[in-house]
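J.: Shown below is the structure under consideration.
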Protein chains: 2
Amino acid sequence: MRRRRALFFALLCSFLFSLFPSGAETAKNNVSAPKDILAPKTVTSTTTVAEPLSPSDTSAGHQAGLVEEVLVALILILLAAKVGGDIFERFGQPAVLGELIFGMIIGNSALLPLGSVGTVLSNIVHDPAVDSFVTLLAEIGVVLLLFEVGLESTVYEMMSVGPSAFLVACLGVVAPVALGFVVGEIFLPEEPWTVHLFLGAVLAATSVGITARVLSDLGKMHLRESKIILGAAVIDDVLGLITLAAVQGIITAAGSGEGVSIVAIGWIVVKAFLFFVGAIILGLFVSKRFYKFASYLRGKGILLTVTLIWCFGLAYIASRMGLAPIVGAFAAGLVLEEATFIDWEGREEQLEKLLRPVCDFLVPVFFVHMGMKVHLEVFGKLDVLWLATALTLAAILGKQICSLGVLEKGVGRLVVGLGMIPRGEVGLIVASIGAGMRTPEGHPVINVQTFSATVIMVVITTMMTPPLLQWGLRRLERKTGMAPRPE
Amino acid sequence: MRRRRALFFALLCSFLFSLFPSGAETAKNNVSAPKDILAPKTVTSTTTVAEPLSPSDTSAGHQAGLVEEVLVALILILLAAKVGGDIFERFGQPAVLGELIFGMIIGNSALLPLGSVGTVLSNIVHDPAVDSFVTLLAEIGVVLLLFEVGLESTVYEMMSVGPSAFLVACLGVVAPVALGFVVGEIFLPEEPWTVHLFLGAVLAATSVGITARVLSDLGKMHLRESKIILGAAVIDDVLGLITLAAVQGIITAAGSGEGVSIVAIGWIVVKAFLFFVGAIILGLFVSKRFYKFASYLRGKGILLTVTLIWCFGLAYIASRMGLAPIVGAFAAGLVLEEATFIDWEGREEQLEKLLRPVCDFLVPVFFVHMGMKVHLEVFGKLDVLWLATALTLAAILGKQICSLGVLEKGVGRLVVGLGMIPRGEVGLIVASIGAGMRTPEGHPVINVQTFSATVIMVVITTMMTPPLLQWGLRRLERKTGMAPRPE
């Protein structure tokens, strides 16, 4: 028995030893500064593709190393998600906060005292080819999350919270834009007013992903407050993007010395409106026929695949219209009802059960990746920190004002206001668009300092929401008696 | 009622109309020749990444268009998979063949009489950024497929078919390499003998994906023949990669005028052996502890995530050792047994049920993508077709010889031989490595014509396997009585 164990251990050791040289090679190859590696690597893959001989096939050999890096990145992300989630759940916090914080740790592992391991990790996750893959996977993850969220409500429910959600959304765009403008006037007096206006646009859109996840983690999705928040966040997203387009138009017009084209701005507004009305009508009309037709298809896994096609299809249409893909995914889930799946009963599992594992895989990728995008270096600069503080306060205050738009009595306005706080990917995308635009004087509209401050604002508003929302929900429960108001 | 319908239709029309301008834009942008678009696009993303301001965040804006293209590519792939699968299932063929053929249609849509739609589709799926994403997603798909296949058998079962599988694998490498060499001598007399040897190496490795899928589609995974095929294909893969490494070593040595390093080739053989022994010992030892530890983690979707980490981890280790990631994924599945999941009963769904939807999403991506990689143009050249025919015959004959390695009586040798026929991604990867190597005279080892012939060989062997295997299995059933021999 003993001899057998010794043999096992000898074999195990020789196995681990055999891994070692390869591991050392990676370390050696990746220790140089990340940016030096990045450019040549991408160029290599471009060259491969441009080769005359059968483009996609020849790249297969070069892709082998990439597959390896992607596998490591996925292992790291999934580990971070589950270990982070576990630790935060033990402290009574939502798992999503752990995913964000552990994402920050992975993303900034080069700065942490991890020695060469940190550098290797950092190089792998910041390799542009790996990052591009993870970004797209994360994007699919958030699309599926919003689809799942949409699936949990129906059009009729949305209609019933409609007026409140619409008012909340409108106030939730006007107030932050105005406050952002004021922050710009005070903190960046040397910049033109167009820059201040752009700062307002950055603050406009709520990132519904975090709030939706927190509400779903806590099992509060059925609350009227949740419905208002989600409805408002979606309308908000549409309004935020309209604001962005309008501000972009104003800056371009100001730069060329022309007046602002009301027609162009009007067209964006009309498009957004048409999408929503269209998606809902199309959805209610078409979805039943689409699923009926799909039920004739033979084979395995049809229901899930058909649903993915439906979800990606509406996300694509939203994106083509200049809206965020998540808006389309939400609409796609919204129009599906129990009745749509009548032909599938007994043949396949329930749609929710089929979607769950796919979401369990891809949704944490989105949240860990969002944490990875945070650059801890910027937390060290004082002027950036002041601007960030002001922006964060404007962001929070702006969304508390919007809770005045709740029309119904007995609904927790505080919870609605708190749920609207997080600014996530949309804020970052708006800021990055600003970084690429020029003022009439030729400066970037959003410079490096402002961009860093925006990132901090996004991080703080995102991270403060889960505990605040949880506190708000507990307070609401105490106020309305132990049982939360059912739908 | 009638007025309401008219209103609905008016809104629907205005919605579809509002989509139209955007659609036309895409068409306009993408109509130019694909290669002209490809290079600048990738360069753009490289430039973005190299920008001083917060690399990963600024690329967010540019990524928006990419997300759209990826959504379209995924919709196309999933549609192709399900429509193709449905059509082929109606004709009594396995769904995977439909996925391949419809993949070919998408990949070559520019050649088909589809007008500008074909060009647009072709440009989207051949955009290098989209292709890179889909390739990686397909790679994850095939890793999960082999993991699922491994999960269905245990180490003890593998041991019982061990001797037969090992003999079949050895003959299945020696015979095709020898036949490939002969084909090279006859059809490429002007090339040096190293090229002929390389042609043999291309023919060595079986692509177990197709066979595994066909056996799984037909519910024949439990047959002893299936176990031998899968076991042999895995050993085969290892031996095929050893052959490749050896041939590479010989060509490099011949080029530099030195002798072949026996030590280097020996090291590759030892590494491969150590991996298998190591993975199985490590697996049986570690997997139970790993899952036990994971069962302490709080949160949702832990079992699936932990399993993905396990599967990707072994795939990564295999890849780091110079083996294909699928070899590691297969080993990862092989060592997991029912007993490993004892702590999870009641807490989460069965692992197989959790894996199914993820595989339903990602596995078809692999097969459709394999079809997409086929270039229909090469089917038009006569000398290429002759070489392709000879290679295909060598590939088929070589694997029929290997079925003589089956030691047990009463096992259908024909089925084993047929199951070993397909050459897939490994053959293509080997060929693409040869395309990047140079003979002592400075020519590429695998030139454009030989590469095209290899592609045709891969396509034909892949496509003929499902119907042949099905026929072989029916014949076996008739021979052994209506009920197939149970395990």
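Naming scheme: A, B, ... for chains in displayed order of the structure tokens; residues 1 onward per chain; ligands 1 onward as shown.
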With a distance cut-off of 10 Å and only C-alpha atoms, select the neighbouring residues of Leu111 (chain B), excluding the residue or stretch itself and same-chain residues fewer than 6 positions from it, and output the selection as an NGL selection string.
T.: :B and (105 or 118-119 or 122 or 375-377)
J.: Could you pull the residues within 8 Å of Val143 (chain B), counting only C-alpha atoms, minus those fewer than 2 positions along the same chain, as a list in words?
T.: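 That gives Glu139, Ile140, Gly141, Leu145, Leu146, Phe147, Cys311, Phe312, Ala315, Pro325, Ile326, Ala329 and Phe330 of chain B.
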J.: Would you mind listing what lies within 12 Å of Ala169 (chain A) as a short mmCIF file (atom, residue, chain, number, x, y, z; two decimals) with N, CA and C atoms, in the first residue's frame, with only C-alpha atoms counted and same-chain residues fewer than 6 positions away left out?
T.:
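around-v8.cif written:
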data_model
loop_
_atom_site.label_atom_id
_atom_site.label_comp_id
_atom_site.auth_asym_id
_atom_site.auth_seq_id
_atom_site.Cartn_x
_atom_site.Cartn_y
_atom_site.Cartn_z
N VAL A 161 -46.35 50.27 -15.12
CA VAL A 161 -45.41 51.19 -14.47
C VAL A 161 -44.99 52.30 -15.42
N GLY A 162 -45.52 52.24 -16.65
CA GLY A 162 -45.09 53.15 -17.72
C GLY A 162 -44.94 54.61 -17.35
N PRO A 163 -46.05 55.28 -16.89
CA PRO A 163 -45.95 56.73 -16.65
C PRO A 163 -44.86 57.07 -15.63
N ALA A 175 -31.65 66.03 -14.84
CA ALA A 175 -30.94 66.46 -13.62
C ALA A 175 -29.43 66.18 -13.69
N PRO A 176 -28.99 64.96 -14.04
CA PRO A 176 -27.54 64.73 -14.09
C PRO A 176 -26.84 65.57 -15.16
N ALA A 204 -25.54 60.87 -17.85
CA ALA A 204 -26.96 60.65 -18.11
C ALA A 204 -27.43 59.21 -17.91
N ALA A 205 -26.73 58.23 -18.53
CA ALA A 205 -27.31 56.89 -18.64
C ALA A 205 -27.03 56.02 -17.42
N THR A 206 -28.07 55.39 -16.89
CA THR A 206 -27.95 54.41 -15.82
C THR A 206 -27.48 53.08 -16.40
N ILE A 228 -40.15 49.69 -11.83
CA ILE A 228 -39.97 51.11 -12.19
C ILE A 228 -38.50 51.36 -12.53
N ILE A 229 -37.60 50.85 -11.69
CA ILE A 229 -36.17 51.07 -11.93
C ILE A 229 -35.77 50.52 -13.30
N LEU A 230 -36.17 49.27 -13.57
CA LEU A 230 -35.76 48.64 -14.82
C LEU A 230 -36.38 49.34 -16.02
N GLY A 231 -37.66 49.65 -15.90
CA GLY A 231 -38.33 50.38 -16.98
C GLY A 231 -37.66 51.72 -17.23
N ALA A 232 -37.42 52.46 -16.13
CA ALA A 232 -36.80 53.77 -16.25
C ALA A 232 -35.39 53.66 -16.80
N ALA A 233 -34.64 52.63 -16.35
CA ALA A 233 -33.26 52.49 -16.82
C ALA A 233 -33.21 52.25 -18.32
N VAL A 234 -34.20 51.51 -18.81
CA VAL A 234 -34.22 51.25 -20.25
C VAL A 234 -34.56 52.53 -21.02
N ILE A 235 -35.60 53.25 -20.56
CA ILE A 235 -35.99 54.51 -21.23
C ILE A 235 -34.82 55.50 -21.13
N ASP A 236 -34.21 55.52 -19.95
CA ASP A 236 -33.04 56.30 -19.60
C ASP A 236 -31.90 56.09 -20.58
N ASP A 237 -31.66 54.81 -20.90
CA ASP A 237 -30.60 54.43 -21.82
C ASP A 237 -30.87 55.06 -23.18
N VAL A 238 -32.13 54.92 -23.62
CA VAL A 238 -32.53 55.50 -24.90
C VAL A 238 -32.33 57.02 -24.85
N LEU A 239 -32.84 57.66 -23.77
CA LEU A 239 -32.73 59.13 -23.64
C LEU A 239 -31.26 59.55 -23.54
N GLY A 240 -30.47 58.75 -22.80
CA GLY A 240 -29.05 59.07 -22.64
C GLY A 240 -28.33 59.07 -23.98
N GLY A 398 -28.15 63.68 -8.91
CA GLY A 398 -28.98 63.73 -10.11
C GLY A 398 -30.02 62.62 -10.13
N LYS A 399 -29.62 61.44 -9.69
CA LYS A 399 -30.56 60.33 -9.74
C LYS A 399 -31.50 60.31 -8.53
N GLN A 400 -31.14 61.02 -7.44
CA GLN A 400 -32.09 61.12 -6.33
C GLN A 400 -33.24 62.05 -6.71
N ILE A 401 -32.90 63.10 -7.47
CA ILE A 401 -33.92 64.03 -7.95
C ILE A 401 -34.95 63.29 -8.80
N CYS A 402 -34.46 62.35 -9.61
CA CYS A 402 -35.36 61.67 -10.55
C CYS A 402 -36.43 60.85 -9.84
N SER A 403 -36.16 60.45 -8.57
CA SER A 403 -37.14 59.63 -7.87
C SER A 403 -38.42 60.43 -7.57
N LEU A 404 -38.35 61.76 -7.70
CA LEU A 404 -39.56 62.59 -7.56
C LEU A 404 -40.57 62.28 -8.66
N GLY A 405 -40.08 61.64 -9.73
CA GLY A 405 -40.99 61.31 -10.85
C GLY A 405 -41.91 60.14 -10.56
N VAL A 406 -41.72 59.44 -9.41
CA VAL A 406 -42.60 58.32 -9.08
C VAL A 406 -43.98 58.86 -8.73
N VAL A 416 -35.95 53.55 -5.52
CA VAL A 416 -35.89 53.88 -6.94
C VAL A 416 -34.68 54.76 -7.21
N GLY A 417 -34.49 55.79 -6.39
CA GLY A 417 -33.35 56.71 -6.56
C GLY A 417 -32.03 55.98 -6.44
N MET A 420 -31.07 53.75 -9.38
CA MET A 420 -30.67 54.43 -10.62
C MET A 420 -29.24 54.94 -10.58
#
J.: One decimal, in Å: what's the spacing between CA of Glu352 (chain B) and CA of Ile281 (chain B)?
T.: 23.3 Å
J.: Taking only C-alpha atoms into account, which of A:Glu148, A:Glu190, A:Glu348, A:Asp131 comes nearest chain B?
T.: A:Asp131
J.: Can you tell me which residues surround region 463-471 of chain B at a distance of at most 12 Å, considering only C-alpha atoms, apart from same-chain residues fewer than 5 positions away, and format the answer as a PyMOL selection string?
T.: chain B and resi 88-89+91-101+104+206-220+225-226+229+367+370-371+392+396+399+412-424+456-458+476-478
J.: Apply DSSP to the backbone of this structure and, from region 353-462 of chain B, keep only the residues in helix (DSSP H, G or I); write these as a PyMOL selection string.
T.: chain B and resi 353-372+376-380+382-405+413-419+425-435+448-462
